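**Q** Handing you this structure, nothing more for now.
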Amino acid sequence: MTENEEEEERPAEAEAEAPPVPDNEQDKVKPVVFIGLFITALLGLGIYDVFQNVEPNGCSMTYMYEYPKYINMKLPEEVNKTFPKYRLLAYGEGEGKNIDKLKAEKFDGIPVLFIPGNAGSHKQVRSLASVALRKAIEDSEYKIHFDYFTVDFGEEYSALYGGVLQNQVQFVSHSIEKILQLYRGRKGGQVPTSVVLVGHSLGGLIAKAVLTEPSFSPSVVQVIITLATPHTPVVLMDKQTHDFYAKIDTFWAMGRAGSISHVTLVSIAGGLRDRQVRAGLTQDSQADVNINSNAAASVWVSTDHQCIVWCKQLVLTINRALFDMIGPITKQITIDKKLRKDIFQYHLVHRSGGKDYDADNLHPATMVFDKNGYWSDILKRQFTFSKGNVTCNHYSMIKIAIDDPRQRFLTLDAVRMSADDWVFGCKETKVHKNTRVCEVGENLSSKSSIIPSKGKRKVIHLDLLEMKQKFGYTHIVVHTPVYTEDTRVNIDVYNPRERRVTYAVPKWINFWRQFTVVEKTVAGAVFYNLSLTGIDNPWQAYVVTAEPSQCSAQAEEKPHYGLARFITPWANDATQSLLGQGANFTNSITAKLQTSRPPGSNDTTETPQIHFYLDPACTYTIKVFPSIPQMMGQMIRFYAPLLLPCMAAVIILILAFQMRRIESSQYCQSTLLTLMTAVSPVNVVLPSRMVAYILALGPLAAIIPKNDIQILQELSLDFGVLPIMMFFAGIGTVFLLTCLAWGTILLCGSLAHKAVMRWAATVTPHQVVAEVAVDALSRFPAILGCVLIAIGFATCGSLALCLGCLCYFLKLFQMYQEYLEGLVKRAVGLRDEDDPSILLGVNFQFTLALLWLMVTMLNLPTLLSWNQNLPHSLPLPADPSLIHAVILCGSLSVLWQNESKPKVEKKYFSVLAIILQGLAIFIATFAMVTIYRLSFAISAVFVVVTTHQLVSPNREEEEQEMEEEVEATSTIETPADEHPMTAESASDSEYEEEDKLNISKAKVMAAHKPGVIKSASDVTDTGFGSEGLDWEYEDNDAEDISEDSGKEEVF
């Protein structure tokens, strides 16, 4: 070999052996984070909409005439010892003999038990009980009345901590037994055999759960009324709550046709004003009546979560229904379930008459008309008549002419109509005193319904073709009784094809377009029905306007208002808005779902509709346009709980990419930079969908629990871009959380450190001792971990997690302070170079600190419940946070070793990254709805990272083995007798041996490391490209070696 050839080859081999230069492409900020921040900003707009864009509180207050009293009922000693926090109380008002009777435990009414919900007070019974008391005095001079009882749970957080739910159920069971015992010695009258249960929020769930108790007889409960009760959980914070819901659902599904078939269950939701429990979660498939307060007859207003127990309109309606269910003989709640259901249907769903329900006398089947009254024939298709002080019976007859297609349907809009029986069908007319009259009319008033307005307003829709062919009517008669005042009736006869308008809303968001649905309504028209096809997803929201374009002068002194009602056919849900002239009217209504469409109902259920009851003096233009803020508000209402799991998955992905960077360059990139350069939703979303699809197939579905993606699909809450959108929102939120956490560390870390030192000084003899103690805990993490675990066992795991979170951020502040001090020392010349390992530890520990913070937040309800039990010296029924506290605090003892820096000399960081990505996929598949699984996933992160740092072998051991193999390979390839050494070729042979040694070393490295583990495409490293779960080996090094081998052959 010539000297020139040798010089040309050696640089080439040196280039092949040089370490890879870091690819700056993977450190470039990708658009993903900006998309995430944009979607997060949109969700922020949705939060504003949820809390600001709500209708005013239309509920009237309920008032008492005397001061309320809550009389404690004596329970058996065993019950008091088992449940020392709980009490059973009776409600009374004022002073005197009635209160003395309550204190003596003498009751003679109908028992009702009120059960408060999450953090609820026993005093919430006041409105229901006070109104019932006044109604009993007014109706029967208190001869027939309700006795209201209530339970005091100490305002426990039952919605957040499920450990107390079973205790509450057992106490309510004992309370019902005690209440019935109070009546057993009663003289005269019928002894009650059942108790009406009224539950607010989680209290409604407790009422249902009482029937599941083995020792409880379901026959002692006839009626259950739930107010804003989430029959589908809002969030599942622990397994106890999950099991509690599953137990109730299973029992009611199996027993509804058997042991509990006699129970009348009514579920009432608060509507849009209730931000804690949206209306869709209150729907119960086992309920006899599901209704929203804004759709309930004579209520018409939405209530917030607390207001629903004192809203006067709703409280009056409930009490009227309860009084109507009292049997005339027993003076107790009737045992006729059909009658009870009809009463609730009348008062809540479809009320056609007065305030009281009388099945026999509500609407008499026929009525004999007054032939000497005032009779008139209505010949116009659109006509309005008003009656002032009516001195005789007035009858207005509308002829049915089915031959004219323009006269197929009739809508009657009666304003301020006080008569319950006001519309009739007439089969035969006669001439009396030169006037056509009808002698007998068949009552159609039961088909009418009361609709919201300023004053009493009734409406009826009749199919005239059906009236003629099926019933044989020739005329429809509108009766205005004598002494009626200020009644107005709008008559509208029309072809339904002209008034039933169908509009397909755009499937995707349209930011700028406004669509005109009806250019101009028919002059004198009273009713239009606008069907909105395409509203299938909860996120959709559209504003529909009906602007008066031309109005004639009104002779009436009292103004007439139009009405728009958005109706969801698959739920008893209707929102309404008045239409009128002037700046005080928006003349608009929002079309958005409160209850998602049931699966498979697209062909069997009608589409959402808007019913317009118009002022016949005006013509209107109807338009539709999408509302972006309200769409985002819908996203918050329906999907806000999904954000927390998405954030956790994003943080775990950040940690996974940091592990890959340690594998490639032995450096841990910062949390923020990793988020901006590497993380993408497709790292999790597509794999989780594939996993969910595979698990739903065949035998796996029977073994593995139902995943959360399936749950969302069964609830009709899943749609195409939902997971992508929520993960983008998770990325944006984590970005903001990271900035906030760093700001907290930098701005408040010093204050927190001083506060800890000041507290430590109070428990130690001197401040120096306190500083030494705190520093020792930081430098000896094993001691700190043991102390935190001991605190968790002695108190509750959540407290240990909170203290550990505080220690974590104090540690980060201390580490970053050391790094800044190093920078200052280098700047002033006291140090030649920085210690990059400090920043390595900060980046590594900061990501883990965010995960610790997530677990702490998820387990805070346990700490709140433990704090509530402190005054009573009661342990928690269960501590779901303890296992996580033990795992995380034990991991802290290991991860804070080595000056809190990751051991970058370890192997298998890439394998660790794969496991972490698998945990993120697990969260997206199994922990989006069942949020308590999220804590287990994060605990698993700490377990695998800690295990890796403990047992993974070092890279030095591998390199030593490689050196030994290189020597062996070199010896085999160059035997001593093949190339005898001479003095003349000594120098050349030395270079040759060195070259051969390098080539052999490269071959051994290739044998040990055939390829760097990389993702199937650049998406896993950079956040873009086509994503997959499979992993492949890229044999770039092997290709370089084969090129070197070719050069060796030439040599």
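By order in the structure tokens, chains are A, B, ...; within a chain, residues start at 1; ligands start at 1, following the order shown.
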Per residue of segment 70-179 of chain A within 10 Å of segment 324-346 of chain A, what are the shortest atom pair and its distance in Å to one decimal, counting only C-alpha atoms, with rows by chain and residue number, as a tab-separated table?
**A**
```
residue	atom	partner	partner_atom	distance
A:Gly109	CA	A:Gln332	CA	8.2
A:Ile110	CA	A:Gln332	CA	6.1
A:Pro111	CA	A:Gln332	CA	9.1
A:Lys143	CA	A:Lys331	CA	9.7
A:Ile144	CA	A:Lys331	CA	7.1
A:His145	CA	A:Lys331	CA	9.1
A:Phe146	CA	A:Gln332	CA	9.4
```
**Q** Those same residues, written as a PDB file, in the first residue's frame with all heavy atoms?
**A**
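File produced: part.pdb:
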```
ATOM      1  N   GLY A 109     -98.764  12.496  60.125  1.00  0.00           N
ATOM      2  CA  GLY A 109     -98.892  12.858  58.716  1.00  0.00           C
ATOM      3  C   GLY A 109     -98.360  11.773  57.794  1.00  0.00           C
ATOM      4  O   GLY A 109     -98.380  10.578  58.108  1.00  0.00           O
ATOM      5  N   ILE A 110     -97.885  12.195  56.641  1.00  0.00           N
ATOM      6  CA  ILE A 110     -97.314  11.297  55.632  1.00  0.00           C
ATOM      7  C   ILE A 110     -95.814  11.541  55.603  1.00  0.00           C
ATOM      8  O   ILE A 110     -95.372  12.662  55.352  1.00  0.00           O
ATOM      9  CB  ILE A 110     -97.935  11.574  54.244  1.00  0.00           C
ATOM     10  CG1 ILE A 110     -99.448  11.455  54.312  1.00  0.00           C
ATOM     11  CG2 ILE A 110     -97.358  10.627  53.201  1.00  0.00           C
ATOM     12  CD1 ILE A 110    -100.161  12.017  53.096  1.00  0.00           C
ATOM     13  N   PRO A 111     -94.993  10.519  55.869  1.00  0.00           N
ATOM     14  CA  PRO A 111     -93.549  10.757  56.009  1.00  0.00           C
ATOM     15  C   PRO A 111     -92.840  10.960  54.671  1.00  0.00           C
ATOM     16  O   PRO A 111     -93.088  10.252  53.699  1.00  0.00           O
ATOM     17  CB  PRO A 111     -93.054   9.479  56.701  1.00  0.00           C
ATOM     18  CG  PRO A 111     -94.037   8.430  56.316  1.00  0.00           C
ATOM     19  CD  PRO A 111     -95.365   9.124  56.166  1.00  0.00           C
ATOM     20  N   LYS A 143    -105.195  18.998  58.453  1.00  0.00           N
ATOM     21  CA  LYS A 143    -105.708  17.661  58.756  1.00  0.00           C
ATOM     22  C   LYS A 143    -104.991  16.607  57.916  1.00  0.00           C
ATOM     23  O   LYS A 143    -104.810  15.477  58.348  1.00  0.00           O
ATOM     24  CB  LYS A 143    -107.206  17.617  58.504  1.00  0.00           C
ATOM     25  CG  LYS A 143    -108.015  18.487  59.467  1.00  0.00           C
ATOM     26  CD  LYS A 143    -109.487  18.439  59.141  1.00  0.00           C
ATOM     27  CE  LYS A 143    -110.271  19.331  60.097  1.00  0.00           C
ATOM     28  NZ  LYS A 143    -111.728  19.348  59.784  1.00  0.00           N
ATOM     29  N   ILE A 144    -104.630  16.988  56.710  1.00  0.00           N
ATOM     30  CA  ILE A 144    -103.831  16.107  55.851  1.00  0.00           C
ATOM     31  C   ILE A 144    -102.542  16.842  55.538  1.00  0.00           C
ATOM     32  O   ILE A 144    -102.563  17.905  54.906  1.00  0.00           O
ATOM     33  CB  ILE A 144    -104.588  15.766  54.552  1.00  0.00           C
ATOM     34  CG1 ILE A 144    -105.911  15.057  54.870  1.00  0.00           C
ATOM     35  CG2 ILE A 144    -103.714  14.892  53.658  1.00  0.00           C
ATOM     36  CD1 ILE A 144    -106.751  14.792  53.642  1.00  0.00           C
ATOM     37  N   HIS A 145    -101.424  16.269  55.976  1.00  0.00           N
ATOM     38  CA  HIS A 145    -100.164  16.979  55.812  1.00  0.00           C
ATOM     39  C   HIS A 145     -99.018  15.981  55.674  1.00  0.00           C
ATOM     40  O   HIS A 145     -99.186  14.772  55.914  1.00  0.00           O
ATOM     41  CB  HIS A 145     -99.905  17.906  57.004  1.00  0.00           C
ATOM     42  CG  HIS A 145     -99.749  17.172  58.307  1.00  0.00           C
ATOM     43  ND1 HIS A 145    -100.815  16.793  59.078  1.00  0.00           N
ATOM     44  CD2 HIS A 145     -98.646  16.712  58.962  1.00  0.00           C
ATOM     45  CE1 HIS A 145    -100.395  16.155  60.157  1.00  0.00           C
ATOM     46  NE2 HIS A 145     -99.085  16.090  60.109  1.00  0.00           N
ATOM     47  N   PHE A 146     -97.877  16.518  55.297  1.00  0.00           N
ATOM     48  CA  PHE A 146     -96.660  15.717  55.174  1.00  0.00           C
ATOM     49  C   PHE A 146     -95.729  16.031  56.341  1.00  0.00           C
ATOM     50  O   PHE A 146     -95.595  17.195  56.746  1.00  0.00           O
ATOM     51  CB  PHE A 146     -95.947  16.005  53.854  1.00  0.00           C
ATOM     52  CG  PHE A 146     -96.619  15.401  52.655  1.00  0.00           C
ATOM     53  CD1 PHE A 146     -97.572  16.119  51.943  1.00  0.00           C
ATOM     54  CD2 PHE A 146     -96.308  14.114  52.248  1.00  0.00           C
ATOM     55  CE1 PHE A 146     -98.198  15.571  50.849  1.00  0.00           C
ATOM     56  CE2 PHE A 146     -96.933  13.554  51.141  1.00  0.00           C
ATOM     57  CZ  PHE A 146     -97.882  14.278  50.441  1.00  0.00           C
TER      58      PHE A 146
END
```
**Q** Applying 8 Å and only C-alpha atoms, which residues near Lys907 of chain A remain after dropping the ones on its own chain fewer than 3 positions away? List them as a list in words.
**A**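 Neighbouring residues, sequence-local ones excluded: Glu663, Val904, Ser952, Pro953, Asn954 and Arg955 of chain A.
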**Q** For Met854 of chain A, which residue out of A:Leu379, A:Met647, A:Leu563, A:Ile694 is the nearest one, using only C-alpha atoms?
**A**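 Smallest separation from Met854 of chain A among the options: A:Met647.
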**Q** Choose the residue, out of A:Tyr374, A:Trp310, A:Phe527, A:Trp422, that has the smallest atom-to-atom separation from Ser352 of chain A; count only C-alpha atoms.
**A**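 Using only C-alpha atoms, the shortest distance to Ser352 of chain A belongs to A:Trp422.
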**Q** Would you pick out the contacts of segment 913-918 of chain A at 10 Å or less, using only C-alpha atoms, so that residues sharing its chain but fewer than 2 positions from it are not included, and give the list as a ChimeraX atom specification?
**A** /A:649-650,652-661,663,683-684,687-688,908-911,920-924,937-938,940-942,944-945,1015,1020,1029,1031
**Q** Restricting the output to N, CA, C and O atoms, write the selected residues as a CSV table (one decimal), in the first residue's frame.
**A**
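What ended up in again_25.csv:
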```
chain,number,residue,atom,x,y,z
A,649,ALA,N,-51.2,12.0,29.9
A,649,ALA,CA,-50.6,11.3,28.8
A,649,ALA,C,-49.5,12.1,28.1
A,649,ALA,O,-48.5,11.6,27.7
A,650,VAL,N,-49.8,13.4,28.0
A,650,VAL,CA,-48.8,14.3,27.4
A,650,VAL,C,-47.5,14.4,28.2
A,650,VAL,O,-46.4,14.3,27.7
A,652,ILE,N,-46.4,12.1,30.3
A,652,ILE,CA,-45.7,10.8,30.2
A,652,ILE,C,-44.9,10.7,28.9
A,652,ILE,O,-43.8,10.2,28.8
A,653,LEU,N,-45.6,11.2,27.8
A,653,LEU,CA,-44.9,11.3,26.5
A,653,LEU,C,-43.6,12.1,26.5
A,653,LEU,O,-42.6,11.8,26.0
A,654,ILE,N,-43.7,13.3,27.2
A,654,ILE,CA,-42.5,14.1,27.4
A,654,ILE,C,-41.4,13.3,28.1
A,654,ILE,O,-40.2,13.4,27.6
A,655,LEU,N,-41.7,12.6,29.1
A,655,LEU,CA,-40.7,11.8,29.8
A,655,LEU,C,-40.2,10.7,28.9
A,655,LEU,O,-39.0,10.4,28.9
A,656,ALA,N,-41.0,10.1,28.1
A,656,ALA,CA,-40.5,9.1,27.1
A,656,ALA,C,-39.5,9.7,26.2
A,656,ALA,O,-38.5,9.1,25.9
A,657,PHE,N,-39.8,10.8,25.6
A,657,PHE,CA,-38.9,11.4,24.7
A,657,PHE,C,-37.6,11.9,25.4
A,657,PHE,O,-36.5,11.9,24.8
A,658,GLN,N,-37.7,12.3,26.6
A,658,GLN,CA,-36.5,12.6,27.4
A,658,GLN,C,-35.6,11.4,27.5
A,658,GLN,O,-34.4,11.5,27.5
A,659,MET,N,-36.2,10.2,27.8
A,659,MET,CA,-35.4,9.0,27.9
A,659,MET,C,-34.7,8.7,26.6
A,659,MET,O,-33.6,8.2,26.6
A,660,ARG,N,-35.4,8.9,25.5
A,660,ARG,CA,-34.8,8.6,24.2
A,660,ARG,C,-33.6,9.6,23.9
A,660,ARG,O,-32.6,9.1,23.4
A,661,ARG,N,-33.7,10.8,24.4
A,661,ARG,CA,-32.6,11.7,24.2
A,661,ARG,C,-31.4,11.3,25.1
A,661,ARG,O,-30.3,11.4,24.7
A,663,GLU,N,-30.7,8.3,25.8
A,663,GLU,CA,-30.1,7.1,25.1
A,663,GLU,C,-29.2,7.5,24.0
A,663,GLU,O,-28.1,6.9,23.8
A,683,ASN,N,-49.0,10.1,18.6
A,683,ASN,CA,-48.2,9.1,19.4
A,683,ASN,C,-49.1,8.3,20.2
A,683,ASN,O,-48.7,7.2,20.7
A,684,VAL,N,-50.3,8.8,20.5
A,684,VAL,CA,-51.2,8.1,21.5
A,684,VAL,C,-52.5,7.8,20.9
A,684,VAL,O,-53.1,6.7,21.1
A,687,PRO,N,-52.7,4.7,18.2
A,687,PRO,CA,-52.5,3.4,18.9
A,687,PRO,C,-53.7,3.0,19.8
A,687,PRO,O,-54.1,1.9,19.9
A,688,SER,N,-54.2,4.0,20.6
A,688,SER,CA,-55.3,3.7,21.5
A,688,SER,C,-56.5,3.3,20.8
A,688,SER,O,-57.2,2.4,21.2
A,908,TYR,N,-30.7,0.7,28.1
A,908,TYR,CA,-32.1,0.4,27.9
A,908,TYR,C,-33.0,1.6,28.1
A,908,TYR,O,-34.2,1.5,28.5
A,909,PHE,N,-32.5,2.8,27.9
A,909,PHE,CA,-33.4,4.0,28.0
A,909,PHE,C,-34.5,4.0,26.9
A,909,PHE,O,-35.6,4.4,27.1
A,910,SER,N,-34.1,3.5,25.8
A,910,SER,CA,-35.1,3.4,24.7
A,910,SER,C,-36.2,2.4,25.0
A,910,SER,O,-37.4,2.6,24.6
A,911,VAL,N,-35.8,1.3,25.6
A,911,VAL,CA,-36.9,0.3,26.0
A,911,VAL,C,-37.8,1.0,27.1
A,911,VAL,O,-39.0,0.8,27.1
A,920,ALA,N,-49.0,5.7,28.3
A,920,ALA,CA,-49.8,6.8,27.8
A,920,ALA,C,-50.9,6.3,26.9
A,920,ALA,O,-52.0,6.8,27.0
A,921,ILE,N,-50.7,5.3,26.1
A,921,ILE,CA,-51.7,4.6,25.3
A,921,ILE,C,-52.8,4.0,26.3
A,921,ILE,O,-54.0,4.0,26.0
A,922,PHE,N,-52.3,3.4,27.4
A,922,PHE,CA,-53.2,2.8,28.3
A,922,PHE,C,-54.2,3.9,28.9
A,922,PHE,O,-55.4,3.7,29.0
A,923,ILE,N,-53.6,5.1,29.2
A,923,ILE,CA,-54.5,6.2,29.7
A,923,ILE,C,-55.5,6.6,28.6
A,923,ILE,O,-56.7,6.7,29.0
A,924,ALA,N,-55.1,6.7,27.4
A,924,ALA,CA,-56.1,7.1,26.3
A,924,ALA,C,-57.1,6.0,26.1
A,924,ALA,O,-58.2,6.3,25.5
A,937,ALA,N,-51.8,4.5,36.5
A,937,ALA,CA,-50.9,4.7,35.4
A,937,ALA,C,-49.7,5.5,35.7
A,937,ALA,O,-48.5,5.2,35.4
A,938,ILE,N,-49.9,6.6,36.5
A,938,ILE,CA,-48.8,7.5,36.9
A,938,ILE,C,-47.9,6.8,37.9
A,938,ILE,O,-46.6,6.9,37.8
A,940,ALA,N,-47.4,3.6,38.0
A,940,ALA,CA,-46.6,2.7,37.2
A,940,ALA,C,-45.4,3.4,36.5
A,940,ALA,O,-44.4,2.8,36.3
A,941,VAL,N,-45.6,4.6,36.1
A,941,VAL,CA,-44.5,5.4,35.5
A,941,VAL,C,-43.3,5.5,36.5
A,941,VAL,O,-42.2,5.2,36.2
A,942,PHE,N,-43.6,5.8,37.8
A,942,PHE,CA,-42.6,5.9,38.8
A,942,PHE,C,-42.0,4.6,39.0
A,942,PHE,O,-40.8,4.5,39.3
A,944,VAL,N,-41.6,2.0,36.9
A,944,VAL,CA,-40.7,1.5,35.8
A,944,VAL,C,-39.4,2.4,35.8
A,944,VAL,O,-38.3,1.9,35.5
A,945,VAL,N,-39.6,3.7,36.0
A,945,VAL,CA,-38.4,4.6,36.0
A,945,VAL,C,-37.5,4.2,37.1
A,945,VAL,O,-36.2,4.2,37.0
A,1015,SER,N,-38.3,4.9,15.9
A,1015,SER,CA,-39.7,4.7,15.6
A,1015,SER,C,-39.7,4.3,14.1
A,1015,SER,O,-38.8,4.6,13.3
A,1020,THR,N,-42.3,9.8,15.8
A,1020,THR,CA,-42.1,9.6,17.3
A,1020,THR,C,-41.1,10.5,17.8
A,1020,THR,O,-41.1,10.8,19.0
A,1029,LEU,N,-47.3,1.7,15.9
A,1029,LEU,CA,-46.8,1.1,17.2
A,1029,LEU,C,-45.6,0.2,17.0
A,1029,LEU,O,-44.9,-0.1,18.0
A,1031,TRP,N,-41.9,-1.2,16.0
A,1031,TRP,CA,-40.5,-0.6,16.1
A,1031,TRP,C,-39.6,-1.4,15.2
A,1031,TRP,O,-39.8,-2.7,15.0
```
**Q** Just to confirm, what's the straight-line distance from atom CA of Cys739 of chain A to atom CA of Thr671 of chain A in Å (one decimal)?
**A**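 Pair atom CA of Cys739 of chain A / atom CA of Thr671 of chain A returns 10.1 Å.
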**Q** When you count only C-alpha atoms, which of these residues is closest to Ser680 of chain A: A:Cys426, A:Ile651, A:Ile789, A:Ile703?
**A**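 Among the listed residues, the smallest separation from Ser680 of chain A belongs to A:Ile651.
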**Q** Find the distance between atom CA of Pro880 of chain A and atom CA of Thr229 of chain A and write it in Å to one decimal.
**A**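 Separating atom CA of Pro880 of chain A from atom CA of Thr229 of chain A is a distance of 24.3 Å.
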**Q** Go through A:Leu892, A:Ala794, A:Leu265, A:Ala525 and flag the residue nearest Pro781 of chain A, using only C-alpha atoms for the distances.
**A**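 Closest to Pro781 of chain A, using only C-alpha atoms: A:Leu892.
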**Q** What lies within 10 Å of segment 274-277 of chain A using only C-alpha atoms, ignoring chain neighbours under 6 positions off, as a VMD selection string?
**A** chain A and resid 50 to 51 54 201 228 to 234 302 to 308 636 to 637
**Q** How far is it from atom CA of Tyr667 of chain A to atom CA of Leu746 of chain A, in Å with one decimal?
**A**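 Here the two named atoms are 23.1 Å from each other.
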**Q** If we count only C-alpha atoms and set the cut-off at 9 Å, which residues sit around segment 715-730 of chain A, ignoring sequence neighbours fewer than 5 positions away in its own chain? Please answer as a PyMOL selection string.
**A** chain A and resi 32-33+35-41+43+536-538+596-599+638-640+642-650+680-682+684-685+709-710+735+924
**Q** I want to know what sits within 7 Å of Thr384 of chain A, based on only C-alpha atoms, with residues of the same chain fewer than 5 positions away left out; could you give that as a PyMOL selection string?
**A** chain A and resi 489-491
**Q** Store the residues of this selection in a file with all heavy atoms, as a PDB file, in the first residue's frame.
**A**
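Everything below was put into again-v2.pdb:
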```pdb
ATOM      1  N   VAL A 489    -107.469  34.661  21.366  1.00  0.00           N
ATOM      2  CA  VAL A 489    -107.276  33.371  20.694  1.00  0.00           C
ATOM      3  C   VAL A 489    -106.816  33.644  19.268  1.00  0.00           C
ATOM      4  O   VAL A 489    -107.486  34.363  18.507  1.00  0.00           O
ATOM      5  CB  VAL A 489    -108.564  32.531  20.689  1.00  0.00           C
ATOM      6  CG1 VAL A 489    -108.334  31.219  19.952  1.00  0.00           C
ATOM      7  CG2 VAL A 489    -109.044  32.260  22.105  1.00  0.00           C
ATOM      8  N   ASN A 490    -105.657  33.062  18.917  1.00  0.00           N
ATOM      9  CA  ASN A 490    -105.112  33.153  17.556  1.00  0.00           C
ATOM     10  C   ASN A 490    -105.406  31.850  16.832  1.00  0.00           C
ATOM     11  O   ASN A 490    -105.038  30.765  17.310  1.00  0.00           O
ATOM     12  CB  ASN A 490    -103.608  33.398  17.595  1.00  0.00           C
ATOM     13  CG  ASN A 490    -103.260  34.683  18.322  1.00  0.00           C
ATOM     14  OD1 ASN A 490    -103.867  35.723  18.089  1.00  0.00           O
ATOM     15  ND2 ASN A 490    -102.282  34.614  19.210  1.00  0.00           N
ATOM     16  N   ILE A 491    -106.060  31.955  15.685  1.00  0.00           N
ATOM     17  CA  ILE A 491    -106.455  30.781  14.903  1.00  0.00           C
ATOM     18  C   ILE A 491    -105.607  30.739  13.641  1.00  0.00           C
ATOM     19  O   ILE A 491    -105.470  31.754  12.936  1.00  0.00           O
ATOM     20  CB  ILE A 491    -107.954  30.841  14.545  1.00  0.00           C
ATOM     21  CG1 ILE A 491    -108.804  30.899  15.826  1.00  0.00           C
ATOM     22  CG2 ILE A 491    -108.359  29.646  13.690  1.00  0.00           C
ATOM     23  CD1 ILE A 491    -110.275  31.177  15.559  1.00  0.00           C
TER      24      ILE A 491
END
```
**Q** Where does DSSP see alpha helix (DSSP H) in segment 554-748 of chain A, if you list the residues as a ChimeraX atom specification?
**A** /A:628-639,643-665,671-677,685-695,698-703,708-714,722-748
**Q** If we count only C-alpha atoms, what is near Ser939 of chain A at a cut-off of 8 Å, once residues fewer than 5 positions away on the same chain are taken out, given as an mmCIF file with C-alpha atoms, in the first residue's frame?
**A**
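Generated output (part00.cif):
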```
data_model
loop_
_atom_site.group_PDB
_atom_site.id
_atom_site.type_symbol
_atom_site.label_atom_id
_atom_site.label_comp_id
_atom_site.auth_asym_id
_atom_site.auth_seq_id
_atom_site.Cartn_x
_atom_site.Cartn_y
_atom_site.Cartn_z
ATOM 1 C CA HIS A 884 -49.965 5.690 45.371
ATOM 2 C CA ILE A 887 -45.164 3.938 45.483
ATOM 3 C CA LEU A 888 -44.277 7.561 44.815
#
```
